[in-house]
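Structure first, then comments.
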Amino acid sequence: NHQSNLYVIAKDIMELGIKEEIEMELADGTGQFDYASILGGASVVRDGLRRTSLSLVDDMPLLNRALAVGGLRFYGYPAEIALVPTYPKDSLGQCWSFESEDVSKLRKGRYRVAKDDGDPEREDDVGVYATLMVKLSGPVYVSSVVLEHPPKEISTDMETAVRDVRVLGFEDGDGVGDAWELGRFRYDIDSEDWAQEFYVATEVDGERVPPLHSIMLAIDSNWGSDYSCLYRFRVHGRLP
């Protein structure tokens, strides 16, 4: 089961008796509830034209996956790990590792049409590099998102951090229908803030953004590595 490592970590955290208030403090110390948290009821969307990209381990040849299952090799965690608090709080943490969808498809010979003609299996607004689609714990007026990567002092490779991203919101829980374009942002690896908060649009073309039930993090680039790591993705806002 590709989610087994996540469940072990989540089970360990939950057995400590963490409730919503404690989880907020573990997550970032701001007191803001994270509507993208697995422990709060959110989930990763893995189906549809805007589905979450494969994790690095899921995209490996069968032999590599067998080695990962047997604990002989490590290729990172599934996407769910980016939606749980880092524990212990001051540790390096665990990351969702993934590679560019272009690299994956070229390696496997899965392109069915020329790249310039688009991908019939994906919507045009998904990430150029990769996509994380999250069904939030419930409909929410989204105010900001947070991206995390460990600081240089403890990170083994800053080039694996995501760089340019877009945030899109959907009233549907599975990312179906028209997207609300909430903003374009860049994660700065030279910043002293390893948890960087980005405030999203609350109006688009003069129309107020309604409560959203799913959020897509469209990752368009990273900082140069041949794969990427996302340690945490959070969504803040308020209930309707």
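Ligands are numbered from 1 in the order shown, residues from 1 within each chain, and chains are lettered A, B, ... in the order they appear in the structure tokens.
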
- Message: Give me the residues near range 146-150 of chain A as a PyMOL selection string, where near means some atom within 7 Å (using only C-alpha atoms) and where sequence neighbours in that chain fewer than 6 positions away do not count.
- Response: chain A and resi 92+161+194-198+230-235

Using only N, CA and C atoms, please write the residues we just selected to a file, as a PDB file, in the first residue's frame.
```pdb
ATOM      1  N   LEU A  92      13.522  17.752  10.459  1.00  0.00           N
ATOM      2  CA  LEU A  92      13.565  17.958   9.011  1.00  0.00           C
ATOM      3  C   LEU A  92      12.210  17.702   8.382  1.00  0.00           C
ATOM      4  N   ALA A 161      13.226  22.296  -3.928  1.00  0.00           N
ATOM      5  CA  ALA A 161      12.057  23.082  -3.532  1.00  0.00           C
ATOM      6  C   ALA A 161      11.273  23.532  -4.765  1.00  0.00           C
ATOM      7  N   TRP A 194      11.089  29.808   6.043  1.00  0.00           N
ATOM      8  CA  TRP A 194      10.975  28.529   5.344  1.00  0.00           C
ATOM      9  C   TRP A 194       9.522  28.142   5.120  1.00  0.00           C
ATOM     10  N   ALA A 195       8.612  28.678   5.962  1.00  0.00           N
ATOM     11  CA  ALA A 195       7.176  28.515   5.744  1.00  0.00           C
ATOM     12  C   ALA A 195       6.660  29.837   5.194  1.00  0.00           C
ATOM     13  N   GLN A 196       6.413  29.879   3.893  1.00  0.00           N
ATOM     14  CA  GLN A 196       6.069  31.132   3.224  1.00  0.00           C
ATOM     15  C   GLN A 196       4.580  31.186   2.907  1.00  0.00           C
ATOM     16  N   GLU A 197       3.942  32.257   3.381  1.00  0.00           N
ATOM     17  CA  GLU A 197       2.497  32.427   3.220  1.00  0.00           C
ATOM     18  C   GLU A 197       2.210  33.365   2.050  1.00  0.00           C
ATOM     19  N   PHE A 198       1.257  32.972   1.223  1.00  0.00           N
ATOM     20  CA  PHE A 198       0.872  33.752   0.053  1.00  0.00           C
ATOM     21  C   PHE A 198      -0.630  34.048   0.130  1.00  0.00           C
ATOM     22  N   LEU A 230       8.003  18.503  -1.657  1.00  0.00           N
ATOM     23  CA  LEU A 230       7.112  19.449  -0.995  1.00  0.00           C
ATOM     24  C   LEU A 230       6.854  18.923   0.406  1.00  0.00           C
ATOM     25  N   TYR A 231       7.278  19.699   1.404  1.00  0.00           N
ATOM     26  CA  TYR A 231       7.182  19.250   2.787  1.00  0.00           C
ATOM     27  C   TYR A 231       5.838  19.575   3.426  1.00  0.00           C
ATOM     28  N   ARG A 232       5.226  20.683   3.002  1.00  0.00           N
ATOM     29  CA  ARG A 232       3.912  21.017   3.576  1.00  0.00           C
ATOM     30  C   ARG A 232       3.185  21.995   2.677  1.00  0.00           C
ATOM     31  N   PHE A 233       1.900  21.784   2.522  1.00  0.00           N
ATOM     32  CA  PHE A 233       1.006  22.699   1.827  1.00  0.00           C
ATOM     33  C   PHE A 233      -0.184  22.927   2.730  1.00  0.00           C
ATOM     34  N   ARG A 234      -0.430  24.185   3.075  1.00  0.00           N
ATOM     35  CA  ARG A 234      -1.534  24.521   3.976  1.00  0.00           C
ATOM     36  C   ARG A 234      -2.490  25.509   3.305  1.00  0.00           C
ATOM     37  N   VAL A 235      -3.719  25.451   3.718  1.00  0.00           N
ATOM     38  CA  VAL A 235      -4.739  26.379   3.224  1.00  0.00           C
ATOM     39  C   VAL A 235      -5.430  27.025   4.421  1.00  0.00           C
TER      40      VAL A 235
END
```

- Task: Would you list the contacts of Arg50 in chain A as number ranges by chain, taking every protein, DNA or RNA residue within 12 Å and counting only C-alpha atoms, but skipping same-chain residues closer than 3 positions in sequence?
- Result: A: 44-47, 53, 119-127, 130-135, 168-170, 173-179, 214-218

Pull C-alpha atoms from the residues just selected and write them as a compact mmCIF listing (two decimals), in the first residue's frame.
```txt
# COMPACT_ATOMS: atom_id res chain seq x y z
CA VAL A 44 -5.76 14.10 -1.97
CA VAL A 45 -7.71 13.89 -5.25
CA ARG A 46 -6.28 11.10 -7.40
CA ASP A 47 -8.87 10.84 -10.18
CA SER A 53 0.61 13.82 -10.04
CA ASP A 119 -2.49 16.27 -23.22
CA PRO A 120 -5.92 14.67 -23.76
CA GLU A 121 -5.73 13.13 -20.29
CA ARG A 122 -5.22 16.45 -18.45
CA GLU A 123 -6.86 19.87 -18.26
CA ASP A 124 -4.83 22.76 -19.68
CA ASP A 125 -4.62 24.54 -16.31
CA VAL A 126 -2.72 21.82 -14.44
CA GLY A 127 0.88 22.38 -13.37
CA ALA A 130 3.33 18.67 -11.42
CA THR A 131 -0.04 19.06 -9.72
CA LEU A 132 -1.40 18.67 -6.21
CA MET A 133 -5.20 18.60 -6.00
CA VAL A 134 -6.67 18.75 -2.51
CA LYS A 135 -10.25 18.27 -1.40
CA LEU A 168 -6.69 27.58 -8.39
CA GLY A 169 -9.90 26.96 -6.49
CA PHE A 170 -13.04 24.97 -7.24
CA GLY A 173 -14.74 18.91 -4.06
CA ASP A 174 -12.94 16.98 -6.80
CA GLY A 175 -11.68 19.90 -8.87
CA VAL A 176 -14.36 19.62 -11.54
CA GLY A 177 -15.78 22.64 -13.35
CA ASP A 178 -14.51 26.17 -13.88
CA ALA A 179 -11.46 27.24 -11.91
CA SER A 214 -10.97 22.01 -3.44
CA ILE A 215 -7.68 23.72 -4.17
CA MET A 216 -5.17 22.93 -6.89
CA LEU A 217 -1.51 23.74 -6.43
CA ALA A 218 -0.23 23.90 -10.00
```

- Ser55 in chain A proximity check over A:Met158, A:Tyr227, A:Gly40, A:Gln32, using only C-alpha atoms: winner is A:Tyr227

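CA of Glu159 in chain A is positioned 5.2 Å from CA of Gly224 in chain A.
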
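Shortest atom-to-atom contact with Val209 in chain A among A:Glu99, A:Glu181, A:Asp226, A:Asp193: A:Glu181, counting only C-alpha atoms.
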
- Which residues, written as a PyMOL selection string, have at least one atom at most 9 Å from Tyr141 in chain A, with only C-alpha atoms counted and residues fewer than 6 positions away on the same chain left out? chain A and resi 202+209-212+236-240

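Here the question is which of A:Thr52, A:Ser100, A:Ser137, A:Ser143 gets nearest to Tyr199 in chain A using only C-alpha atoms, and that residue is A:Ser143.
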
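You will find CA of Ser155 in chain A at 26.3 Å from CA of Phe33 in chain A.
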
- Task: Apply DSSP to the backbone of this structure and, from range 104-228 of chain A, keep only the residues in helix (DSSP H, G or I); write these as number ranges by chain.
- Result: A: 104-108, 115-117, 158-160

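Here CA of Ser43 in chain A and CA of Ala82 in chain A stand 10.8 Å from one another.
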
- Item | Residue contacts of range 183-189 of chain A (6 Å, only C-alpha atoms) excluding same-chain residues fewer than 3 positions away, as number ranges by chain | A: 163-167, 200

Restricting it to C-alpha atoms, dump the selection as a compact mmCIF listing (two decimals), in the first residue's frame.
```
# COMPACT_ATOMS: atom_id res chain seq x y z
CA ARG A 163 9.63 27.54 -7.41
CA ASP A 164 6.77 28.97 -9.49
CA VAL A 165 3.25 27.89 -8.61
CA ARG A 166 -0.35 28.81 -9.36
CA VAL A 167 -3.27 28.38 -6.99
CA VAL A 200 -4.80 34.74 -2.60
```
